[in-house]
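For reference, model.pdb is printed below; it contains PDB, C-alpha atoms and all ligand atoms.
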```
MODEL        1
ATOM      1  CA  MET A   1      25.734 -17.718  -7.555
ATOM      2  CA  THR A   2      23.463 -19.586  -5.201
ATOM      3  CA  THR A   3      23.150 -18.034  -1.765
ATOM      4  CA  ALA A   4      20.775 -19.263   0.899
ATOM      5  CA  ASP A   5      18.832 -16.190   1.932
ATOM      6  CA  THR A   6      17.352 -15.843   5.373
ATOM      7  CA  ALA A   7      13.559 -15.725   5.595
ATOM      8  CA  SER A   8      12.054 -12.246   5.020
ATOM      9  CA  PRO A   9      10.617 -10.326   7.984
ATOM     10  CA  SER A  10       6.977 -11.300   8.434
ATOM     11  CA  THR A  11       5.691  -7.877   9.509
ATOM     12  CA  PHE A  12       5.985  -4.226   8.453
ATOM     13  CA  LYS A  13       5.243  -1.136  10.547
ATOM     14  CA  LEU A  14       2.887   1.088   8.571
ATOM     15  CA  GLY A  15       3.803   4.736   9.121
ATOM     16  CA  GLY A  16       6.362   3.456  11.628
ATOM     17  CA  GLU A  17       3.592   2.608  14.111
ATOM     18  CA  ILE A  18       1.038  -0.025  13.044
ATOM     19  CA  GLU A  19       2.406  -3.562  12.782
ATOM     20  CA  ILE A  20       0.955  -5.442   9.848
ATOM     21  CA  CYS A  21       1.406  -8.933   8.490
ATOM     22  CA  ARG A  22       3.273  -8.813   5.165
ATOM     23  CA  ILE A  23       0.534 -10.775   3.429
ATOM     24  CA  GLY A  24      -2.679  -8.733   3.198
ATOM     25  CA  LEU A  25      -6.088  -9.609   1.777
ATOM     26  CA  GLY A  26      -7.379  -8.165  -1.504
ATOM     27  CA  THR A  27     -11.166  -7.875  -1.550
ATOM     28  CA  ASN A  28     -12.207  -6.810  -5.045
ATOM     29  CA  ARG A  29     -14.371  -9.946  -5.449
ATOM     30  CA  ILE A  30     -16.067  -9.774  -2.032
ATOM     31  CA  GLN A  31     -19.826 -10.243  -2.348
ATOM     32  CA  ASN A  32     -22.606 -10.362   0.210
ATOM     33  CA  ASP A  33     -22.405 -14.159   0.442
ATOM     34  CA  ALA A  34     -21.275 -16.774   2.955
ATOM     35  CA  ALA A  35     -17.785 -17.340   1.481
ATOM     36  CA  SER A  36     -17.013 -13.614   1.488
ATOM     37  CA  ARG A  37     -18.401 -13.060   4.978
ATOM     38  CA  ALA A  38     -16.349 -15.988   6.301
ATOM     39  CA  ILE A  39     -12.985 -15.128   4.746
ATOM     40  CA  LEU A  40     -12.691 -11.719   6.414
ATOM     41  CA  PRO A  41     -12.775 -12.868  10.088
ATOM     42  CA  ALA A  42     -10.767 -15.973   9.086
ATOM     43  CA  ALA A  43      -8.026 -13.661   7.808
ATOM     44  CA  LEU A  44      -7.862 -11.830  11.147
ATOM     45  CA  GLU A  45      -7.750 -15.143  13.050
ATOM     46  CA  LEU A  46      -4.748 -16.198  10.944
ATOM     47  CA  GLY A  47      -2.973 -12.892  11.620
ATOM     48  CA  VAL A  48      -3.676 -11.301   8.206
ATOM     49  CA  ASN A  49      -4.689  -7.816   9.333
ATOM     50  CA  LEU A  50      -4.324  -5.594   6.225
ATOM     51  CA  ILE A  51      -7.705  -5.671   4.482
ATOM     52  CA  ASP A  52      -7.526  -3.860   1.148
ATOM     53  CA  THR A  53     -10.691  -2.528  -0.473
ATOM     54  CA  ALA A  54     -11.926   0.413  -2.597
ATOM     55  CA  ASP A  55     -15.201   2.260  -3.045
ATOM     56  CA  ILE A  56     -15.662   0.775  -6.537
ATOM     57  CA  TYR A  57     -15.135  -2.890  -5.584
ATOM     58  CA  THR A  58     -18.312  -4.905  -6.207
ATOM     59  CA  GLY A  59     -20.172  -1.601  -6.391
ATOM     60  CA  GLY A  60     -19.573  -0.735  -2.725
ATOM     61  CA  VAL A  61     -20.543  -4.209  -1.447
ATOM     62  CA  SER A  62     -16.915  -5.010  -0.551
ATOM     63  CA  GLU A  63     -16.688  -1.978   1.758
ATOM     64  CA  ARG A  64     -20.136  -2.639   3.205
ATOM     65  CA  VAL A  65     -19.431  -6.309   4.004
ATOM     66  CA  ILE A  66     -16.063  -5.364   5.526
ATOM     67  CA  GLY A  67     -17.928  -2.767   7.614
ATOM     68  CA  GLU A  68     -20.402  -5.401   8.804
ATOM     69  CA  THR A  69     -17.817  -8.084   9.597
ATOM     70  CA  VAL A  70     -14.334  -6.860  10.565
ATOM     71  CA  ALA A  71     -13.854  -3.087  10.264
ATOM     72  CA  SER A  72     -14.461  -2.423  13.961
ATOM     73  CA  ASP A  73     -12.176  -5.270  15.072
ATOM     74  CA  PRO A  74      -9.107  -3.644  16.684
ATOM     75  CA  ARG A  75      -6.843  -6.157  14.894
ATOM     76  CA  ALA A  76      -7.956  -4.973  11.430
ATOM     77  CA  LEU A  77      -6.122  -2.354   9.386
ATOM     78  CA  ILE A  78      -8.601  -1.173   6.769
ATOM     79  CA  ALA A  79      -7.275   0.385   3.591
ATOM     80  CA  THR A  80      -9.663   1.818   1.019
ATOM     81  CA  LYS A  81      -9.428   3.992  -2.073
ATOM     82  CA  GLY A  82     -11.370   6.597  -3.988
ATOM     83  CA  GLY A  83     -11.027   8.425  -7.271
ATOM     84  CA  TYR A  84     -10.671   5.611  -9.786
ATOM     85  CA  HIS A  85     -13.232   7.107 -12.167
ATOM     86  CA  GLY A  86     -12.143  10.714 -11.736
ATOM     87  CA  ALA A  87     -10.289  12.595  -9.021
ATOM     88  CA  ALA A  88     -11.803  16.094  -8.983
ATOM     89  CA  PRO A  89     -11.244  17.410  -5.429
ATOM     90  CA  GLU A  90     -14.969  17.637  -4.625
ATOM     91  CA  ARG A  91     -15.443  14.072  -5.856
ATOM     92  CA  ILE A  92     -12.660  12.782  -3.565
ATOM     93  CA  ALA A  93     -14.065  14.757  -0.618
ATOM     94  CA  ALA A  94     -17.452  13.067  -1.067
ATOM     95  CA  ALA A  95     -15.859   9.656  -1.657
ATOM     96  CA  ILE A  96     -13.997   9.745   1.678
ATOM     97  CA  ASP A  97     -17.199  10.264   3.636
ATOM     98  CA  ALA A  98     -19.137   7.695   1.597
ATOM     99  CA  SER A  99     -16.433   5.100   2.337
ATOM    100  CA  ARG A 100     -16.484   5.979   6.066
ATOM    101  CA  SER A 101     -20.210   5.459   6.055
ATOM    102  CA  ARG A 102     -20.121   2.076   4.221
ATOM    103  CA  LEU A 103     -17.251   0.861   6.417
ATOM    104  CA  GLY A 104     -18.896   2.190   9.598
ATOM    105  CA  LEU A 105     -15.627   3.892  10.568
ATOM    106  CA  GLU A 106     -15.003   7.373  11.968
ATOM    107  CA  THR A 107     -11.377   7.080  10.874
ATOM    108  CA  ILE A 108     -10.098   5.148   7.871
ATOM    109  CA  ASP A 109      -6.684   3.686   8.741
ATOM    110  CA  LEU A 110      -5.260   4.118   5.231
ATOM    111  CA  TYR A 111      -6.918   6.063   2.398
ATOM    112  CA  TYR A 112      -5.481   5.905  -1.110
ATOM    113  CA  LEU A 113      -6.030   8.154  -4.082
ATOM    114  CA  HIS A 114      -6.934   5.265  -6.402
ATOM    115  CA  ARG A 115      -5.669   6.774  -9.636
ATOM    116  CA  PRO A 116      -4.374  10.206 -10.660
ATOM    117  CA  ASP A 117      -6.752  12.063 -12.973
ATOM    118  CA  PRO A 118      -5.108  13.642 -16.053
ATOM    119  CA  ASP A 119      -7.569  16.560 -15.765
ATOM    120  CA  PHE A 120      -6.277  17.577 -12.295
ATOM    121  CA  PRO A 121      -2.752  18.003 -10.905
ATOM    122  CA  ILE A 122      -2.263  15.351  -8.231
ATOM    123  CA  GLU A 123      -1.757  18.137  -5.664
ATOM    124  CA  GLN A 124      -5.421  19.161  -6.175
ATOM    125  CA  SER A 125      -6.773  15.606  -6.023
ATOM    126  CA  ILE A 126      -4.871  14.900  -2.815
ATOM    127  CA  ASP A 127      -6.023  18.078  -1.055
ATOM    128  CA  PRO A 128      -9.285  16.620   0.397
ATOM    129  CA  ILE A 129      -7.324  13.612   1.693
ATOM    130  CA  LEU A 130      -4.907  15.978   3.468
ATOM    131  CA  SER A 131      -7.895  17.773   5.032
ATOM    132  CA  ALA A 132      -9.360  14.433   6.134
ATOM    133  CA  LYS A 133      -6.049  13.499   7.721
ATOM    134  CA  GLN A 134      -5.935  16.824   9.550
ATOM    135  CA  ASP A 135      -9.413  16.407  11.033
ATOM    136  CA  GLY A 136      -8.972  12.706  11.841
ATOM    137  CA  ARG A 137     -11.213  11.074   9.213
ATOM    138  CA  VAL A 138      -8.154   9.459   7.647
ATOM    139  CA  HIS A 139      -5.113   8.228   9.566
ATOM    140  CA  HIS A 140      -2.566   7.487   6.818
ATOM    141  CA  ILE A 141      -2.351   8.618   3.189
ATOM    142  CA  GLY A 142      -1.700   6.246   0.293
ATOM    143  CA  LEU A 143      -1.303   6.607  -3.475
ATOM    144  CA  SER A 144      -2.172   4.034  -6.124
ATOM    145  CA  ASN A 145      -1.190   3.781  -9.779
ATOM    146  CA  VAL A 146       1.399   6.536  -9.430
ATOM    147  CA  THR A 147       4.720   7.363 -11.039
ATOM    148  CA  LEU A 148       7.823   8.190  -9.045
ATOM    149  CA  ASP A 149       7.396  11.873  -9.932
ATOM    150  CA  GLN A 150       3.784  11.949  -8.643
ATOM    151  CA  LEU A 151       4.854  10.205  -5.432
ATOM    152  CA  ASP A 152       7.669  12.690  -4.886
ATOM    153  CA  ARG A 153       5.364  15.665  -5.478
ATOM    154  CA  VAL A 154       2.814  14.441  -2.928
ATOM    155  CA  ARG A 155       5.556  13.685  -0.402
ATOM    156  CA  SER A 156       6.577  17.332  -0.527
ATOM    157  CA  LEU A 157       3.077  18.140   0.862
ATOM    158  CA  ALA A 158       2.528  15.367   3.416
ATOM    159  CA  PRO A 159       3.851  11.998   4.569
ATOM    160  CA  VAL A 160       2.820   9.124   2.279
ATOM    161  CA  ALA A 161       2.513   5.816   4.142
ATOM    162  CA  ALA A 162       1.785   3.473   1.228
ATOM    163  CA  VAL A 163       2.001   3.109  -2.537
ATOM    164  CA  GLN A 164      -0.072   0.519  -4.378
ATOM    165  CA  ASN A 165       0.995  -0.227  -7.953
ATOM    166  CA  ARG A 166       0.686  -3.187 -10.307
ATOM    167  CA  TYR A 167       3.612  -5.547  -9.741
ATOM    168  CA  ASN A 168       3.852  -9.177 -10.714
ATOM    169  CA  LEU A 169       5.926 -11.551 -12.842
ATOM    170  CA  ASP A 170       4.442 -10.022 -16.007
ATOM    171  CA  ASN A 171       4.807  -6.377 -14.835
ATOM    172  CA  SER A 172       7.894  -6.010 -12.684
ATOM    173  CA  ASP A 173       9.161  -2.574 -13.804
ATOM    174  CA  GLN A 174       8.681  -0.929 -10.407
ATOM    175  CA  ASP A 175      12.281  -0.931  -9.212
ATOM    176  CA  ASP A 176      12.560   2.864  -9.042
ATOM    177  CA  VAL A 177       9.351   3.133  -7.003
ATOM    178  CA  ILE A 178      10.206   0.194  -4.703
ATOM    179  CA  ASP A 179      13.703   1.535  -4.035
ATOM    180  CA  TYR A 180      12.263   4.995  -3.270
ATOM    181  CA  CYS A 181       9.689   3.425  -0.917
ATOM    182  CA  GLU A 182      12.411   1.469   0.845
ATOM    183  CA  ARG A 183      14.522   4.606   1.340
ATOM    184  CA  HIS A 184      11.541   6.409   2.897
ATOM    185  CA  ALA A 185       9.977   3.461   4.811
ATOM    186  CA  ILE A 186       6.824   3.617   2.671
ATOM    187  CA  MET A 187       4.833   0.383   2.313
ATOM    188  CA  PHE A 188       4.820  -0.825  -1.320
ATOM    189  CA  VAL A 189       1.724  -2.902  -2.073
ATOM    190  CA  PRO A 190       1.866  -4.925  -5.305
ATOM    191  CA  TYR A 191      -1.572  -5.392  -6.807
ATOM    192  CA  PHE A 192      -2.472  -8.330  -9.048
ATOM    193  CA  PRO A 193       0.519 -10.052  -7.377
ATOM    194  CA  LEU A 194      -0.293 -13.561  -8.626
ATOM    195  CA  ARG A 195      -0.545 -12.793 -12.348
ATOM    196  CA  GLY A 196       2.065 -14.756 -14.306
ATOM    197  CA  SER A 197       2.758 -17.173 -11.445
ATOM    198  CA  GLU A 198       2.967 -20.110 -13.933
ATOM    199  CA  ARG A 199       6.592 -19.044 -14.374
ATOM    200  CA  ALA A 200       7.319 -20.085 -10.788
ATOM    201  CA  LYS A 201       6.223 -23.691 -11.412
ATOM    202  CA  LYS A 202       9.705 -25.267 -11.575
ATOM    203  CA  ILE A 203      10.976 -23.512  -8.444
ATOM    204  CA  ALA A 204       7.774 -24.482  -6.647
ATOM    205  CA  GLU A 205       8.231 -28.129  -7.621
ATOM    206  CA  ARG A 206      11.821 -28.107  -6.338
ATOM    207  CA  LEU A 207      10.706 -26.629  -3.007
ATOM    208  CA  GLY A 208       7.531 -28.703  -2.706
ATOM    209  CA  ALA A 209       5.629 -25.418  -2.471
ATOM    210  CA  ASP A 210       2.719 -23.814  -4.307
ATOM    211  CA  ARG A 211       3.742 -21.532  -7.217
ATOM    212  CA  ASN A 212       1.703 -18.632  -5.792
ATOM    213  CA  GLN A 213       3.594 -19.012  -2.511
ATOM    214  CA  VAL A 214       6.885 -18.812  -4.419
ATOM    215  CA  VAL A 215       5.879 -15.585  -6.159
ATOM    216  CA  LEU A 216       4.731 -14.027  -2.906
ATOM    217  CA  ALA A 217       7.950 -15.121  -1.148
ATOM    218  CA  ALA A 218       9.971 -13.541  -3.970
ATOM    219  CA  MET A 219       8.087 -10.278  -3.492
ATOM    220  CA  LEU A 220       8.692 -10.374   0.259
ATOM    221  CA  ALA A 221      12.393 -10.934  -0.415
ATOM    222  CA  ARG A 222      12.527  -8.027  -2.915
ATOM    223  CA  SER A 223      12.353  -5.427  -0.141
ATOM    224  CA  PRO A 224      11.181  -5.336   3.503
ATOM    225  CA  VAL A 225       8.615  -2.652   2.540
ATOM    226  CA  VAL A 226       6.749  -4.921   0.069
ATOM    227  CA  VAL A 227       3.345  -6.169   1.298
ATOM    228  CA  PRO A 228       1.358  -8.119  -1.350
ATOM    229  CA  ILE A 229      -2.442  -8.360  -1.133
ATOM    230  CA  PRO A 230      -3.494 -11.527  -2.995
ATOM    231  CA  GLY A 231      -7.275 -11.684  -3.305
ATOM    232  CA  THR A 232      -8.964 -14.888  -2.207
ATOM    233  CA  ARG A 233     -12.291 -16.138  -0.890
ATOM    234  CA  ASN A 234     -10.872 -19.594  -0.187
ATOM    235  CA  PRO A 235      -9.503 -20.256   3.343
ATOM    236  CA  GLN A 236      -7.001 -22.881   2.077
ATOM    237  CA  HIS A 237      -5.614 -20.383  -0.435
ATOM    238  CA  LEU A 238      -5.359 -17.771   2.297
ATOM    239  CA  GLN A 239      -3.368 -20.144   4.523
ATOM    240  CA  SER A 240      -1.166 -21.115   1.609
ATOM    241  CA  ASN A 241      -0.503 -17.453   0.695
ATOM    242  CA  LEU A 242       0.414 -16.748   4.303
ATOM    243  CA  GLY A 243       2.898 -19.637   4.098
ATOM    244  CA  ALA A 244       4.985 -17.426   1.786
ATOM    245  CA  THR A 245       6.259 -15.604   4.890
ATOM    246  CA  ARG A 246       8.001 -18.855   5.909
ATOM    247  CA  LEU A 247       9.454 -19.757   2.507
ATOM    248  CA  THR A 248      13.126 -19.068   1.803
ATOM    249  CA  LEU A 249      14.312 -18.564  -1.775
ATOM    250  CA  THR A 250      17.841 -18.329  -3.129
ATOM    251  CA  SER A 251      19.169 -15.319  -5.019
ATOM    252  CA  ASP A 252      19.214 -17.549  -8.131
ATOM    253  CA  ASP A 253      15.472 -18.135  -7.682
ATOM    254  CA  LEU A 254      14.869 -14.374  -7.429
ATOM    255  CA  GLU A 255      16.911 -13.708 -10.542
ATOM    256  CA  ALA A 256      15.108 -16.458 -12.459
ATOM    257  CA  LEU A 257      11.802 -14.764 -11.601
ATOM    258  CA  SER A 258      13.199 -11.286 -12.499
ATOM    259  CA  LEU A 259      12.277 -10.044  -9.038
ATOM    260  CA  ALA A 260      15.813  -9.630  -7.724
ATOM    261  CA  SER A 261      16.779  -6.203  -6.396
ATOM    262  CA  LYS A 262      18.824  -4.284  -8.969
ATOM    263  CA  SER A 263      20.204  -1.729  -6.524
TER
HETATM  264  N1  LIG B   1      -4.975  -0.315  -6.910
HETATM  265  C1  LIG B   1      -5.523  -0.807  -8.005
HETATM  266  O1  LIG B   1      -5.731  -0.105  -9.009
HETATM  267  C2  LIG B   1      -5.930  -2.248  -8.017
HETATM  268  C3  LIG B   1      -6.312  -2.848  -9.218
HETATM  269  C4  LIG B   1      -6.668  -4.180  -9.169
HETATM  270  C5  LIG B   1      -6.648  -4.905  -7.988
HETATM  271  N2  LIG B   1      -6.273  -4.302  -6.833
HETATM  272  C6  LIG B   1      -6.222  -5.035  -5.546
HETATM  273  O2  LIG B   1      -5.338  -6.117  -5.678
HETATM  274  C7  LIG B   1      -5.926  -7.243  -5.027
HETATM  275  C8  LIG B   1      -5.233  -8.454  -5.445
HETATM  276  O3  LIG B   1      -5.338  -8.713  -6.838
HETATM  277  P1  LIG B   1      -5.453 -10.219  -7.269
HETATM  278  O4  LIG B   1      -5.275 -10.311  -8.735
HETATM  279  O5  LIG B   1      -4.626 -11.088  -6.379
HETATM  280  O6  LIG B   1      -6.910 -10.482  -6.777
HETATM  281  P2  LIG B   1      -8.113 -11.152  -7.397
HETATM  282  O7  LIG B   1      -8.666 -10.340  -8.517
HETATM  283  O8  LIG B   1      -8.952 -11.420  -6.219
HETATM  284  O9  LIG B   1      -7.587 -12.535  -8.055
HETATM  285  C9  LIG B   1      -6.818 -13.483  -7.355
HETATM  286  C10 LIG B   1      -7.110 -14.830  -8.008
HETATM  287  O10 LIG B   1      -6.160 -15.792  -7.561
HETATM  288  C11 LIG B   1      -6.835 -16.851  -6.868
HETATM  289  N3  LIG B   1      -5.960 -17.238  -5.752
HETATM  290  C12 LIG B   1      -5.587 -16.500  -4.678
HETATM  291  N4  LIG B   1      -4.728 -17.214  -3.905
HETATM  292  C13 LIG B   1      -4.550 -18.413  -4.533
HETATM  293  C14 LIG B   1      -3.808 -19.581  -4.243
HETATM  294  N5  LIG B   1      -3.040 -19.647  -3.163
HETATM  295  N6  LIG B   1      -3.876 -20.617  -5.086
HETATM  296  C15 LIG B   1      -4.646 -20.575  -6.196
HETATM  297  N7  LIG B   1      -5.396 -19.498  -6.538
HETATM  298  C16 LIG B   1      -5.348 -18.428  -5.705
HETATM  299  C17 LIG B   1      -8.168 -16.302  -6.455
HETATM  300  O11 LIG B   1      -9.168 -17.306  -6.395
HETATM  301  P3  LIG B   1      -9.757 -17.892  -4.992
HETATM  302  O12 LIG B   1     -10.734 -16.922  -4.455
HETATM  303  O13 LIG B   1     -10.373 -19.178  -5.418
HETATM  304  O14 LIG B   1      -8.574 -18.086  -4.078
HETATM  305  C18 LIG B   1      -8.475 -15.333  -7.626
HETATM  306  O15 LIG B   1      -9.004 -16.035  -8.718
HETATM  307  C19 LIG B   1      -7.402  -7.082  -5.356
HETATM  308  O16 LIG B   1      -8.259  -7.839  -4.543
HETATM  309  C20 LIG B   1      -7.548  -5.603  -5.104
HETATM  310  O17 LIG B   1      -7.735  -5.409  -3.702
HETATM  311  C21 LIG B   1      -5.898  -3.003  -6.840
ENDMDL
END
```
Would it be possible to restate this file's structure as structure tokens?
Ligand SMILES: NC(=O)c1ccc[n+]([C@@H]2O[C@H](COP(=O)([O-])OP(=O)(O)OC[C@H]3O[C@@H](n4cnc5c(N)ncnc54)[C@H](OP(=O)(O)O)[C@@H]3O)[C@@H](O)[C@H]2O)c1
Amino acid sequence: MTTADTASPSTFKLGGEIEICRIGLGTNRIQNDAASRAILPAALELGVNLIDTADIYTGGVSERVIGETVASDPRALIATKGGYHGAAPERIAAAIDASRSRLGLETIDLYYLHRPDPDFPIEQSIDPILSAKQDGRVHHIGLSNVTLDQLDRVRSLAPVAAVQNRYNLDNSDQDDVIDYCERHAIMFVPYFPLRGSERAKKIAERLGADRNQVVLAAMLARSPVVVPIPGTRNPQHLQSNLGATRLTLTSDDLEALSLASKS
């Protein structure tokens, strides 16, 4: 069946309150150089306001450069993460304040537990993030690299605004998590979204579009809660990625890419 779909909504309201563009910017290759320093304000000018970082990216340089360029801009929604190399509660507590310092922010808009630690129940790792939310150092709570069970357990303690898991044409087994996020209005952020985009080549040729745009458009069509964060330091690539919000795919295209909704 070939059905002309309508274009996907171009924004999502994080936590039901903060309007964000459904293409964000991944920053795990941001350095202290001219290209990196230029791409961050360029993103805001284009309307890309979700800036995704983590304390481990480029050894803290990503957070620092974001702090020096865009973090204080009222248009920016800064998301960072801690706990990739271990999520003992005291380690997360220290990581939150170190990220606030590098970013130059009193309050981090969205703070993710980067990865559950098998040595600690997720309830313990999340506890310092709940405290930071209570005293205003963190506005929204996110989880990354989680299973549906871990997400459900944390949601019984506090609202979760975002989940960030690997999701791309080579790893698309996130239907249970995406459907759960959609039911609860939680933003689902696919990381490494462009991996495997060669498979979109034929569809891209038919549409006269870039294959990365096609993959991003398919993700946007998968569910209104999906917000990909392709990383780029190239302004043309950023503009092209943003063009995915204006690209309309058919349900046949989505099925061919194995990104069609199964629910
Ligand atoms: N939560 C986690 O555990 C986790 C793990 C990994 C990554 N992440 C996040 O996910 C983000 C996104 O991952 P990613 O794989 O997209 O980022 P990435 O590691 O920055 O790689 C993206 C690659 O695609 C290129 N690219 C981007 N747009 C393009 C376009 N339109 N045309 C051609 N090439 C293009 C980029 O090069 P150019 O710079 O030349 O455009 C870069 O080589 C990361 O930045 C990070 O924030 C999260």
So what does the PyMOL selection byres (((chain A and resi 112) around 10) and not hetatm) actually pick up in this one, as a CSV table (one decimal) with C-alpha atoms, keeping the file's coordinate frame?
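Now in result18.csv:
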```csv
chain,number,residue,atom,x,y,z
A,53,THR,CA,-10.7,-2.5,-0.5
A,54,ALA,CA,-11.9,0.4,-2.6
A,79,ALA,CA,-7.3,0.4,3.6
A,80,THR,CA,-9.7,1.8,1.0
A,81,LYS,CA,-9.4,4.0,-2.1
A,82,GLY,CA,-11.4,6.6,-4.0
A,83,GLY,CA,-11.0,8.4,-7.3
A,96,ILE,CA,-14.0,9.7,1.7
A,110,LEU,CA,-5.3,4.1,5.2
A,111,TYR,CA,-6.9,6.1,2.4
A,113,LEU,CA,-6.0,8.2,-4.1
A,114,HIS,CA,-6.9,5.3,-6.4
A,115,ARG,CA,-5.7,6.8,-9.6
A,126,ILE,CA,-4.9,14.9,-2.8
A,129,ILE,CA,-7.3,13.6,1.7
A,138,VAL,CA,-8.2,9.5,7.6
A,140,HIS,CA,-2.6,7.5,6.8
A,141,ILE,CA,-2.4,8.6,3.2
A,142,GLY,CA,-1.7,6.2,0.3
A,143,LEU,CA,-1.3,6.6,-3.5
A,144,SER,CA,-2.2,4.0,-6.1
A,145,ASN,CA,-1.2,3.8,-9.8
A,160,VAL,CA,2.8,9.1,2.3
A,161,ALA,CA,2.5,5.8,4.1
A,162,ALA,CA,1.8,3.5,1.2
A,163,VAL,CA,2.0,3.1,-2.5
A,164,GLN,CA,-0.1,0.5,-4.4
```
Report task. Show which residues sit within 8 Å of Ala35 in chain A, as a list in words. Count all atoms listed in the file, and ignore same-chain residues fewer than 2 positions away. Result -> Asp33, Arg37, Ala38, Ile39, Arg233 and Asn234 of chain A
Please write the residues from the selection above to a file, keeping C-alpha atoms, as a PDB file, in the frame of the given file.
```
ATOM      1  CA  ASP A  33     -22.405 -14.159   0.442  1.00  0.00           C
ATOM      2  CA  ARG A  37     -18.401 -13.060   4.978  1.00  0.00           C
ATOM      3  CA  ALA A  38     -16.349 -15.988   6.301  1.00  0.00           C
ATOM      4  CA  ILE A  39     -12.985 -15.128   4.746  1.00  0.00           C
ATOM      5  CA  ARG A 233     -12.291 -16.138  -0.890  1.00  0.00           C
ATOM      6  CA  ASN A 234     -10.872 -19.594  -0.187  1.00  0.00           C
TER       7      ASN A 234
END
```
How would you report the residues lying within 7 Å of ligand LIG 1 (chain B), as a PDB file with C-alpha atoms, in the coordinates of the input, if you count all atoms listed in the file?
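Heads up, here's the output in pocket-v2.pdb:
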```pdb
ATOM      1  CA  LEU A  25      -6.088  -9.609   1.777  1.00  0.00           C
ATOM      2  CA  GLY A  26      -7.379  -8.165  -1.504  1.00  0.00           C
ATOM      3  CA  THR A  27     -11.166  -7.875  -1.550  1.00  0.00           C
ATOM      4  CA  ASN A  28     -12.207  -6.810  -5.045  1.00  0.00           C
ATOM      5  CA  ARG A  29     -14.371  -9.946  -5.449  1.00  0.00           C
ATOM      6  CA  ASP A  52      -7.526  -3.860   1.148  1.00  0.00           C
ATOM      7  CA  THR A  53     -10.691  -2.528  -0.473  1.00  0.00           C
ATOM      8  CA  HIS A 114      -6.934   5.265  -6.402  1.00  0.00           C
ATOM      9  CA  ARG A 115      -5.669   6.774  -9.636  1.00  0.00           C
ATOM     10  CA  SER A 144      -2.172   4.034  -6.124  1.00  0.00           C
ATOM     11  CA  ASN A 145      -1.190   3.781  -9.779  1.00  0.00           C
ATOM     12  CA  GLN A 164      -0.072   0.519  -4.378  1.00  0.00           C
ATOM     13  CA  ASN A 165       0.995  -0.227  -7.953  1.00  0.00           C
ATOM     14  CA  TYR A 191      -1.572  -5.392  -6.807  1.00  0.00           C
ATOM     15  CA  PHE A 192      -2.472  -8.330  -9.048  1.00  0.00           C
ATOM     16  CA  PRO A 193       0.519 -10.052  -7.377  1.00  0.00           C
ATOM     17  CA  LEU A 194      -0.293 -13.561  -8.626  1.00  0.00           C
ATOM     18  CA  ARG A 195      -0.545 -12.793 -12.348  1.00  0.00           C
ATOM     19  CA  ASN A 212       1.703 -18.632  -5.792  1.00  0.00           C
ATOM     20  CA  GLN A 213       3.594 -19.012  -2.511  1.00  0.00           C
ATOM     21  CA  ILE A 229      -2.442  -8.360  -1.133  1.00  0.00           C
ATOM     22  CA  PRO A 230      -3.494 -11.527  -2.995  1.00  0.00           C
ATOM     23  CA  GLY A 231      -7.275 -11.684  -3.305  1.00  0.00           C
ATOM     24  CA  THR A 232      -8.964 -14.888  -2.207  1.00  0.00           C
ATOM     25  CA  ARG A 233     -12.291 -16.138  -0.890  1.00  0.00           C
ATOM     26  CA  ASN A 234     -10.872 -19.594  -0.187  1.00  0.00           C
ATOM     27  CA  HIS A 237      -5.614 -20.383  -0.435  1.00  0.00           C
ATOM     28  CA  LEU A 238      -5.359 -17.771   2.297  1.00  0.00           C
ATOM     29  CA  SER A 240      -1.166 -21.115   1.609  1.00  0.00           C
ATOM     30  CA  ASN A 241      -0.503 -17.453   0.695  1.00  0.00           C
TER      31      ASN A 241
END
```
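In this model, the gap between CA of Met187 in chain A and CA of Gly15 in chain A comes to 8.1 Å.
Excluding Cys21 in chain A and any residue on its chain fewer than 6 positions from it, the residues at most 10 Å away by all atoms listed in the file are A:Pro9, A:Ser10, A:Thr11, A:Phe12, A:Lys13, A:Leu46, A:Gly47, A:Val48, A:Asn49, A:Leu50, A:Val227, A:Pro228, A:Leu242, A:Thr245.
The nearest approach to Pro89 in chain A among the residues A:Asp109, A:Glu182, A:Asp119, A:Asp127, with only C-alpha atoms taken into account, belongs to A:Asp127.
Taking CA of Ala185 in chain A and CA of Val226 in chain A as the two end points, the separation is 10.2 Å.
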**Report entry** Separation of CA of Ala221 in chain A from CA of Leu259 in chain A in Å
**Finding:** 8.7 Å
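Considering the residues A:Glu68, A:Glu63, A:Asp149, A:Asp55 and counting only C-alpha atoms, Ala94 in chain A has its shortest atom-to-atom contact with A:Asp55.
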Report summary line: If you count all atoms listed in the file, the residue of A:Gly16, A:Ala200, A:Val215, A:Ala87 closest to Tyr167 in chain A turns out to be A:Val215
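Considering the residues A:Ile178, A:Ala204, A:Leu254, A:Leu103 and counting only C-alpha atoms, Val225 in chain A has its shortest atom-to-atom contact with A:Ile178.
Shortest separation to Ser62 in chain A among A:Leu148, A:Leu77, A:Ala43, A:Ile30 occurs at residue A:Ile30, atoms counted being only C-alpha atoms.
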Query - Nearest to Ala93 in chain A by atom-to-atom distance, counting only C-alpha atoms, from A:Ala158, A:Pro224, A:Ser125, A:Val214 - result: A:Ser125
Requested in this report: List every protein, DNA or RNA residue that has an atom no more than 6 Å from (7.3, -12.1, -10.9) in the file's coordinate frame, counting all atoms listed in the file, and report them as a PyMOL selection string.
Outcome: chain A and resi 168-169+257+259
Report task. Would you kindly translate the PyMOL selection byres (((chain A and resi 202) around 12) and not hetatm) into the concrete residues it picks from this file, as a PyMOL selection string? Result -> chain A and resi 197-201+203-212+214-215+253+256-257
Requested in this report: Select all residues near (14.0, 7.4, -10.7) (cut-off 10 Å, inclusive, file coordinates), counting all atoms listed in the file, and output them as a ChimeraX atom specification.
Outcome: /A:147-149,174-177,179-180
